[in-house]
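Source file model_7.csv; content: CSV, C-alpha atoms.
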```
chain,number,residue,atom,x,y,z
A,2,MET,CA,189.8,82.9,56.8
A,3,LYS,CA,189.3,80.4,54.0
A,4,HIS,CA,185.8,80.0,52.5
A,5,PHE,CA,183.9,76.7,52.3
A,6,GLY,CA,185.3,74.5,49.5
A,7,SER,CA,188.6,76.3,49.2
A,8,ILE,CA,191.6,74.1,48.5
A,9,LEU,CA,194.7,75.0,50.4
A,10,GLU,CA,198.1,74.6,48.8
A,11,PHE,CA,199.0,71.6,51.0
A,12,THR,CA,195.7,69.7,50.7
A,13,HIS,CA,197.2,66.9,48.6
A,14,GLU,CA,200.0,66.4,51.1
A,15,ARG,CA,197.6,66.4,54.0
A,16,ASN,CA,195.3,63.9,52.3
A,17,ARG,CA,198.3,61.6,51.6
A,18,ASP,CA,199.3,61.9,55.3
A,19,ILE,CA,195.8,61.0,56.5
A,20,MET,CA,195.5,58.1,54.1
A,21,ARG,CA,198.9,56.8,55.1
A,22,VAL,CA,197.9,56.7,58.7
A,23,TYR,CA,194.4,55.4,57.9
A,24,ARG,CA,196.0,52.4,56.0
A,25,GLU,CA,198.4,51.8,58.9
A,26,ARG,CA,195.6,51.7,61.4
A,27,LEU,CA,193.5,49.4,59.3
A,28,ALA,CA,196.4,47.0,58.9
A,29,GLU,CA,196.9,47.0,62.7
A,30,ALA,CA,193.2,46.4,63.5
A,31,THR,CA,192.0,43.0,64.5
A,32,VAL,CA,188.4,44.2,64.2
A,33,ILE,CA,187.5,47.1,61.9
A,34,VAL,CA,185.1,49.6,63.5
A,35,MET,CA,185.3,52.7,61.4
A,36,PRO,CA,184.5,55.3,64.2
A,37,ALA,CA,187.3,53.7,66.2
A,38,ILE,CA,189.7,53.8,63.2
A,39,PHE,CA,188.9,57.4,62.6
A,40,GLU,CA,189.6,58.2,66.3
A,41,LEU,CA,193.0,56.4,66.0
A,42,VAL,CA,193.9,58.4,62.9
A,43,ALA,CA,192.9,61.7,64.5
A,44,GLN,CA,195.1,60.9,67.5
A,45,SER,CA,198.1,59.7,65.5
A,46,PRO,CA,201.2,61.8,64.9
A,47,ALA,CA,201.1,63.8,61.7
A,48,SER,CA,204.0,64.6,59.4
A,49,ARG,CA,203.5,68.4,60.1
A,50,PHE,CA,201.0,70.8,61.5
A,51,TRP,CA,198.2,71.2,59.0
A,52,VAL,CA,197.9,74.9,59.0
A,53,SER,CA,199.5,77.5,56.6
A,54,GLU,CA,202.6,79.3,57.7
A,55,GLU,CA,200.7,82.6,57.3
A,56,ARG,CA,197.7,81.6,59.5
A,57,ALA,CA,200.0,80.2,62.2
A,58,ALA,CA,202.1,83.3,62.2
A,59,ALA,CA,199.0,85.5,62.6
A,60,VAL,CA,197.7,83.4,65.4
A,61,VAL,CA,201.1,83.3,67.2
A,62,ALA,CA,201.3,87.1,66.9
A,63,ALA,CA,197.9,87.4,68.4
A,64,MET,CA,198.7,85.0,71.2
A,65,GLU,CA,201.9,86.9,71.9
A,66,ALA,CA,199.9,90.1,72.2
A,67,GLY,CA,197.6,88.5,74.6
A,68,LYS,CA,194.5,88.6,72.4
A,69,PRO,CA,191.8,86.2,73.3
A,70,MET,CA,190.7,83.5,70.7
A,71,PRO,CA,187.1,83.0,71.8
A,72,ARG,CA,185.7,81.7,68.5
A,73,MET,CA,188.4,79.1,68.0
A,74,ARG,CA,187.5,75.4,68.3
A,75,SER,CA,189.2,73.3,70.9
A,76,ASN,CA,191.3,71.2,68.5
A,77,LYS,CA,192.6,74.3,66.8
A,78,ARG,CA,193.2,76.0,70.1
A,79,GLU,CA,195.2,73.0,71.2
A,80,MET,CA,197.2,73.0,68.0
A,81,PHE,CA,198.0,76.7,68.2
A,82,GLY,CA,198.9,76.2,71.8
A,83,GLU,CA,201.5,73.6,70.8
A,84,ILE,CA,202.8,75.8,68.0
A,85,TYR,CA,203.1,78.7,70.4
A,86,ARG,CA,204.8,76.6,73.1
A,87,ARG,CA,207.4,75.5,70.5
A,88,TYR,CA,207.7,79.1,69.3
A,89,LEU,CA,208.6,80.4,72.7
A,90,ILE,CA,211.3,77.8,73.0
A,91,MET,CA,212.7,78.4,69.5
A,92,ARG,CA,212.6,82.2,70.0
A,93,LYS,CA,215.1,81.8,72.9
A,94,ASP,CA,217.3,79.4,70.9
A,95,CYS,CA,217.2,81.6,67.7
A,96,PRO,CA,216.9,85.2,68.7
A,97,GLY,CA,218.1,86.5,65.3
A,98,LYS,CA,215.2,84.9,63.4
A,99,THR,CA,211.9,86.6,62.7
A,100,ALA,CA,208.7,85.4,64.2
A,101,TYR,CA,207.5,84.3,60.7
A,102,GLU,CA,210.7,82.3,60.1
A,103,LEU,CA,210.3,80.5,63.4
A,104,VAL,CA,206.7,79.7,62.9
A,105,ALA,CA,207.4,78.5,59.4
A,106,ARG,CA,210.0,76.0,60.8
A,107,ILE,CA,207.6,74.9,63.5
A,108,VAL,CA,204.5,74.2,61.3
A,109,ASN,CA,206.7,72.0,59.1
A,110,GLN,CA,207.9,69.9,62.0
A,111,PRO,CA,206.1,66.6,62.9
A,112,ALA,CA,202.9,67.3,64.9
A,113,PRO,CA,201.8,65.1,67.9
A,114,LYS,CA,198.4,64.5,66.2
A,115,PHE,CA,196.2,65.7,63.4
A,116,TYR,CA,194.1,68.0,65.6
A,117,LEU,CA,191.0,66.9,63.8
A,118,THR,CA,187.9,65.3,65.2
A,119,PRO,CA,187.2,61.6,64.3
A,120,ARG,CA,184.2,62.8,62.3
A,121,THR,CA,186.3,65.2,60.2
A,122,VAL,CA,188.8,62.5,59.6
A,123,GLY,CA,186.0,60.2,58.4
A,124,GLU,CA,184.7,63.0,56.1
A,125,PHE,CA,188.2,63.6,54.6
A,126,ILE,CA,188.7,59.9,54.0
A,127,TYR,CA,185.3,59.6,52.4
A,128,ARG,CA,186.0,62.6,50.1
A,129,ILE,CA,189.5,61.3,49.2
A,130,ARG,CA,188.2,57.8,48.3
A,131,ASN,CA,185.3,59.2,46.3
A,132,GLY,CA,187.3,61.7,44.2
A,133,TRP,CA,185.8,64.8,45.7
A,134,TYR,CA,189.2,66.6,45.9
A,135,ASP,CA,190.0,65.7,42.3
A,136,ASN,CA,186.8,67.3,41.2
A,137,GLN,CA,187.6,70.4,43.1
A,138,TYR,CA,191.0,70.7,41.5
A,139,ASP,CA,189.5,70.2,38.1
A,140,ARG,CA,187.0,73.0,38.7
A,141,TYR,CA,189.8,75.3,40.0
A,142,ARG,CA,192.0,74.6,37.0
A,143,ASP,CA,189.1,75.2,34.6
A,144,CYS,CA,188.3,78.5,36.3
A,145,ARG,CA,191.9,79.7,36.1
A,146,ALA,CA,192.1,78.7,32.5
A,147,ALA,CA,188.9,80.6,31.7
A,148,CYS,CA,190.3,83.7,33.4
A,149,GLY,CA,193.5,83.5,31.4
A,150,GLU,CA,195.7,82.8,34.4
```
Please render this file's structure as structure tokens.
Amino acid sequence: MKHFGSILEFTHERNRDIMRVYRERLAEATVIVMPAIFELVAQSPASRFWVSEERAAAVVAAMEAGKPMPRMRSNKREMFGEIYRRYLIMRKDCPGKTAYELVARIVNQPAPKFYLTPRTVGEFIYRIRNGWYDNQYDRYRDCRAACGE
């Protein structure tokens, strides 16, 4: 599990996707009500499933083994349910592929929505617009340089 403030490898790409949809929804709106815009963004199709291949493969393996996911939030549960549904179909079509290969293909396919709450979408947009992510990358880069990496 990632810790608070960690930056995933696809964060820039996810942020670009959110901002693309955000700008589209703003341009389409006749009246701008930010909570409604955030809801529209959250429910809009995403360019991919915003989860790492490793995490998705681990959850799919757990689902396939019948393990319960009691601590998972509803949006994530719904997202992994869709990934698992596609996995079962793809496994029949591509029996020679490993589970990881199939899940990697699936998470990089377009997703039906962002699987985020409107509040989370609003927080992401606020952070993106105010440079929060840029500051996090600067700190990460400085830390790696200090450690000789």
| said: I'd like the contact shell of range 54-58 of chain A - 8 Å cut-off, only C-alpha atoms, skipping same-chain residues fewer than 6 positions apart - returned as a PyMOL selection string. | reply: chain A and resi 81+84+100-101+104-105+108
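Residue nearest Val52 in chain A within the list A:Arg74, A:Arg21, A:Arg15, A:Lys93: A:Arg15 [criterion: smallest interatomic distance, all atoms listed in the file].
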| Could you name the residues that touch Phe125 in chain A at 12 Å or less, counting all atoms listed in the file, but leaving out those on the same chain fewer than 3 positions away, as an NGL selection string? | :A and (12-13 or 15-20 or 23 or 39 or 42-43 or 117-122 or 128-134)
| request: Can you work out the spacing between CA of Tyr85 in chain A and CA of Gly123 in chain A in Å, to one decimal? | output: 27.9 Å
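Using only C-alpha atoms, the smallest distance between any of A:Leu27, A:Met35, A:Met73, A:Met64 and Glu124 in chain A comes from A:Met35.
Residues in contact with Ala47 in chain A at 8 Å, where all atoms listed in the file are counted and same-chain residues fewer than 3 positions away are skipped, are listed as Asp18, Ile19, Phe50, Pro111, Ala112, Pro113, Lys114 and Phe115 of chain A.
CA of Glu29 in chain A sits 26.5 Å away from CA of Met80 in chain A.
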| Which value, in Å to one decimal, gives the distance between CA of Glu25 in chain A and CA of Pro46 in chain A? | 12.0 Å
| remark: From the list A:Val22, A:Glu102, A:Ile107, A:Arg72, the nearest residue to Tyr88 in chain A using all atoms listed in the file is A:Ile107
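Ranking A:Ile126, A:Val61, A:Ala37, A:Cys95 by their shortest atom-to-atom distance to Glu83 in chain A, with all atoms listed in the file included, puts A:Val61 first.
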Output: range 92-129 of chain A of the preceding structure, restricted to N, CA and C atoms, written as a PDB file, in the first residue's frame.
```pdb
ATOM      1  N   ARG A  92      -9.091 -13.857 -20.230  1.00  0.00           N
ATOM      2  CA  ARG A  92      -8.434 -15.129 -19.900  1.00  0.00           C
ATOM      3  C   ARG A  92      -8.942 -16.244 -20.815  1.00  0.00           C
ATOM      4  N   LYS A  93     -10.238 -16.192 -21.155  1.00  0.00           N
ATOM      5  CA  LYS A  93     -10.804 -17.188 -22.083  1.00  0.00           C
ATOM      6  C   LYS A  93     -10.269 -16.986 -23.495  1.00  0.00           C
ATOM      7  N   ASP A  94     -10.107 -15.702 -23.886  1.00  0.00           N
ATOM      8  CA  ASP A  94      -9.649 -15.383 -25.240  1.00  0.00           C
ATOM      9  C   ASP A  94      -8.149 -15.587 -25.427  1.00  0.00           C
ATOM     10  N   CYS A  95      -7.375 -15.450 -24.355  1.00  0.00           N
ATOM     11  CA  CYS A  95      -5.908 -15.540 -24.426  1.00  0.00           C
ATOM     12  C   CYS A  95      -5.386 -16.500 -23.358  1.00  0.00           C
ATOM     13  N   PRO A  96      -5.664 -17.793 -23.485  1.00  0.00           N
ATOM     14  CA  PRO A  96      -5.282 -18.730 -22.422  1.00  0.00           C
ATOM     15  C   PRO A  96      -3.771 -18.880 -22.220  1.00  0.00           C
ATOM     16  N   GLY A  97      -2.965 -18.512 -23.201  1.00  0.00           N
ATOM     17  CA  GLY A  97      -1.521 -18.654 -23.087  1.00  0.00           C
ATOM     18  C   GLY A  97      -0.833 -17.525 -22.328  1.00  0.00           C
ATOM     19  N   LYS A  98      -1.566 -16.470 -22.020  1.00  0.00           N
ATOM     20  CA  LYS A  98      -0.979 -15.309 -21.338  1.00  0.00           C
ATOM     21  C   LYS A  98      -1.050 -15.491 -19.826  1.00  0.00           C
ATOM     22  N   THR A  99      -0.082 -14.904 -19.129  1.00  0.00           N
ATOM     23  CA  THR A  99      -0.103 -14.953 -17.668  1.00  0.00           C
ATOM     24  C   THR A  99      -1.153 -13.974 -17.149  1.00  0.00           C
ATOM     25  N   ALA A 100      -1.526 -14.170 -15.907  1.00  0.00           N
ATOM     26  CA  ALA A 100      -2.498 -13.263 -15.285  1.00  0.00           C
ATOM     27  C   ALA A 100      -1.955 -11.841 -15.275  1.00  0.00           C
ATOM     28  N   TYR A 101      -0.680 -11.674 -14.979  1.00  0.00           N
ATOM     29  CA  TYR A 101      -0.086 -10.338 -14.955  1.00  0.00           C
ATOM     30  C   TYR A 101      -0.152  -9.681 -16.327  1.00  0.00           C
ATOM     31  N   GLU A 102       0.160 -10.435 -17.380  1.00  0.00           N
ATOM     32  CA  GLU A 102       0.103  -9.883 -18.735  1.00  0.00           C
ATOM     33  C   GLU A 102      -1.314  -9.419 -19.083  1.00  0.00           C
ATOM     34  N   LEU A 103      -2.294 -10.215 -18.707  1.00  0.00           N
ATOM     35  CA  LEU A 103      -3.682  -9.854 -18.991  1.00  0.00           C
ATOM     36  C   LEU A 103      -4.096  -8.607 -18.220  1.00  0.00           C
ATOM     37  N   VAL A 104      -3.768  -8.571 -16.936  1.00  0.00           N
ATOM     38  CA  VAL A 104      -4.128  -7.414 -16.114  1.00  0.00           C
ATOM     39  C   VAL A 104      -3.409  -6.161 -16.611  1.00  0.00           C
ATOM     40  N   ALA A 105      -2.157  -6.296 -17.019  1.00  0.00           N
ATOM     41  CA  ALA A 105      -1.415  -5.145 -17.545  1.00  0.00           C
ATOM     42  C   ALA A 105      -2.100  -4.584 -18.786  1.00  0.00           C
ATOM     43  N   ARG A 106      -2.590  -5.450 -19.642  1.00  0.00           N
ATOM     44  CA  ARG A 106      -3.338  -4.991 -20.822  1.00  0.00           C
ATOM     45  C   ARG A 106      -4.617  -4.267 -20.412  1.00  0.00           C
ATOM     46  N   ILE A 107      -5.301  -4.850 -19.451  1.00  0.00           N
ATOM     47  CA  ILE A 107      -6.595  -4.307 -19.038  1.00  0.00           C
ATOM     48  C   ILE A 107      -6.462  -2.936 -18.403  1.00  0.00           C
ATOM     49  N   VAL A 108      -5.525  -2.755 -17.480  1.00  0.00           N
ATOM     50  CA  VAL A 108      -5.436  -1.455 -16.801  1.00  0.00           C
ATOM     51  C   VAL A 108      -5.018  -0.339 -17.747  1.00  0.00           C
ATOM     52  N   ASN A 109      -4.439  -0.696 -18.868  1.00  0.00           N
ATOM     53  CA  ASN A 109      -4.057   0.308 -19.856  1.00  0.00           C
ATOM     54  C   ASN A 109      -5.130   0.547 -20.917  1.00  0.00           C
ATOM     55  N   GLN A 110      -6.272  -0.114 -20.779  1.00  0.00           N
ATOM     56  CA  GLN A 110      -7.419   0.134 -21.654  1.00  0.00           C
ATOM     57  C   GLN A 110      -8.213   1.323 -21.108  1.00  0.00           C
ATOM     58  N   PRO A 111      -9.012   1.971 -21.961  1.00  0.00           N
ATOM     59  CA  PRO A 111      -9.884   3.037 -21.459  1.00  0.00           C
ATOM     60  C   PRO A 111     -10.829   2.509 -20.372  1.00  0.00           C
ATOM     61  N   ALA A 112     -11.033   3.325 -19.361  1.00  0.00           N
ATOM     62  CA  ALA A 112     -11.922   2.974 -18.254  1.00  0.00           C
ATOM     63  C   ALA A 112     -13.240   3.721 -18.407  1.00  0.00           C
ATOM     64  N   PRO A 113     -14.351   3.144 -17.936  1.00  0.00           N
ATOM     65  CA  PRO A 113     -15.651   3.810 -18.086  1.00  0.00           C
ATOM     66  C   PRO A 113     -15.787   5.081 -17.257  1.00  0.00           C
ATOM     67  N   LYS A 114     -14.980   5.222 -16.224  1.00  0.00           N
ATOM     68  CA  LYS A 114     -14.983   6.438 -15.410  1.00  0.00           C
ATOM     69  C   LYS A 114     -13.692   6.496 -14.616  1.00  0.00           C
ATOM     70  N   PHE A 115     -13.512   7.560 -13.837  1.00  0.00           N
ATOM     71  CA  PHE A 115     -12.287   7.726 -13.064  1.00  0.00           C
ATOM     72  C   PHE A 115     -12.283   6.928 -11.761  1.00  0.00           C
ATOM     73  N   TYR A 116     -13.426   6.503 -11.293  1.00  0.00           N
ATOM     74  CA  TYR A 116     -13.553   5.781 -10.026  1.00  0.00           C
ATOM     75  C   TYR A 116     -13.004   6.622  -8.869  1.00  0.00           C
ATOM     76  N   LEU A 117     -13.328   7.902  -8.895  1.00  0.00           N
ATOM     77  CA  LEU A 117     -12.972   8.841  -7.837  1.00  0.00           C
ATOM     78  C   LEU A 117     -14.242   9.536  -7.377  1.00  0.00           C
ATOM     79  N   THR A 118     -14.247   9.991  -6.145  1.00  0.00           N
ATOM     80  CA  THR A 118     -15.389  10.775  -5.687  1.00  0.00           C
ATOM     81  C   THR A 118     -15.260  12.185  -6.250  1.00  0.00           C
ATOM     82  N   PRO A 119     -16.355  12.917  -6.366  1.00  0.00           N
ATOM     83  CA  PRO A 119     -16.265  14.307  -6.820  1.00  0.00           C
ATOM     84  C   PRO A 119     -15.345  15.137  -5.915  1.00  0.00           C
ATOM     85  N   ARG A 120     -15.371  14.859  -4.622  1.00  0.00           N
ATOM     86  CA  ARG A 120     -14.498  15.590  -3.685  1.00  0.00           C
ATOM     87  C   ARG A 120     -13.024  15.334  -4.003  1.00  0.00           C
ATOM     88  N   THR A 121     -12.675  14.083  -4.275  1.00  0.00           N
ATOM     89  CA  THR A 121     -11.292  13.750  -4.623  1.00  0.00           C
ATOM     90  C   THR A 121     -10.893  14.427  -5.928  1.00  0.00           C
ATOM     91  N   VAL A 122     -11.783  14.432  -6.906  1.00  0.00           N
ATOM     92  CA  VAL A 122     -11.513  15.120  -8.172  1.00  0.00           C
ATOM     93  C   VAL A 122     -11.223  16.598  -7.896  1.00  0.00           C
ATOM     94  N   GLY A 123     -12.050  17.218  -7.069  1.00  0.00           N
ATOM     95  CA  GLY A 123     -11.843  18.623  -6.725  1.00  0.00           C
ATOM     96  C   GLY A 123     -10.508  18.848  -6.044  1.00  0.00           C
ATOM     97  N   GLU A 124     -10.128  17.959  -5.126  1.00  0.00           N
ATOM     98  CA  GLU A 124      -8.828  18.079  -4.452  1.00  0.00           C
ATOM     99  C   GLU A 124      -7.681  17.941  -5.440  1.00  0.00           C
ATOM    100  N   PHE A 125      -7.787  16.971  -6.355  1.00  0.00           N
ATOM    101  CA  PHE A 125      -6.742  16.804  -7.368  1.00  0.00           C
ATOM    102  C   PHE A 125      -6.616  18.068  -8.216  1.00  0.00           C
ATOM    103  N   ILE A 126      -7.729  18.592  -8.680  1.00  0.00           N
ATOM    104  CA  ILE A 126      -7.698  19.778  -9.539  1.00  0.00           C
ATOM    105  C   ILE A 126      -7.093  20.957  -8.775  1.00  0.00           C
ATOM    106  N   TYR A 127      -7.490  21.130  -7.540  1.00  0.00           N
ATOM    107  CA  TYR A 127      -6.934  22.214  -6.717  1.00  0.00           C
ATOM    108  C   TYR A 127      -5.417  22.055  -6.588  1.00  0.00           C
ATOM    109  N   ARG A 128      -4.962  20.852  -6.291  1.00  0.00           N
ATOM    110  CA  ARG A 128      -3.521  20.609  -6.133  1.00  0.00           C
ATOM    111  C   ARG A 128      -2.764  20.816  -7.449  1.00  0.00           C
ATOM    112  N   ILE A 129      -3.357  20.354  -8.535  1.00  0.00           N
ATOM    113  CA  ILE A 129      -2.709  20.510  -9.846  1.00  0.00           C
ATOM    114  C   ILE A 129      -2.560  21.995 -10.170  1.00  0.00           C
TER     115      ILE A 129
END
```
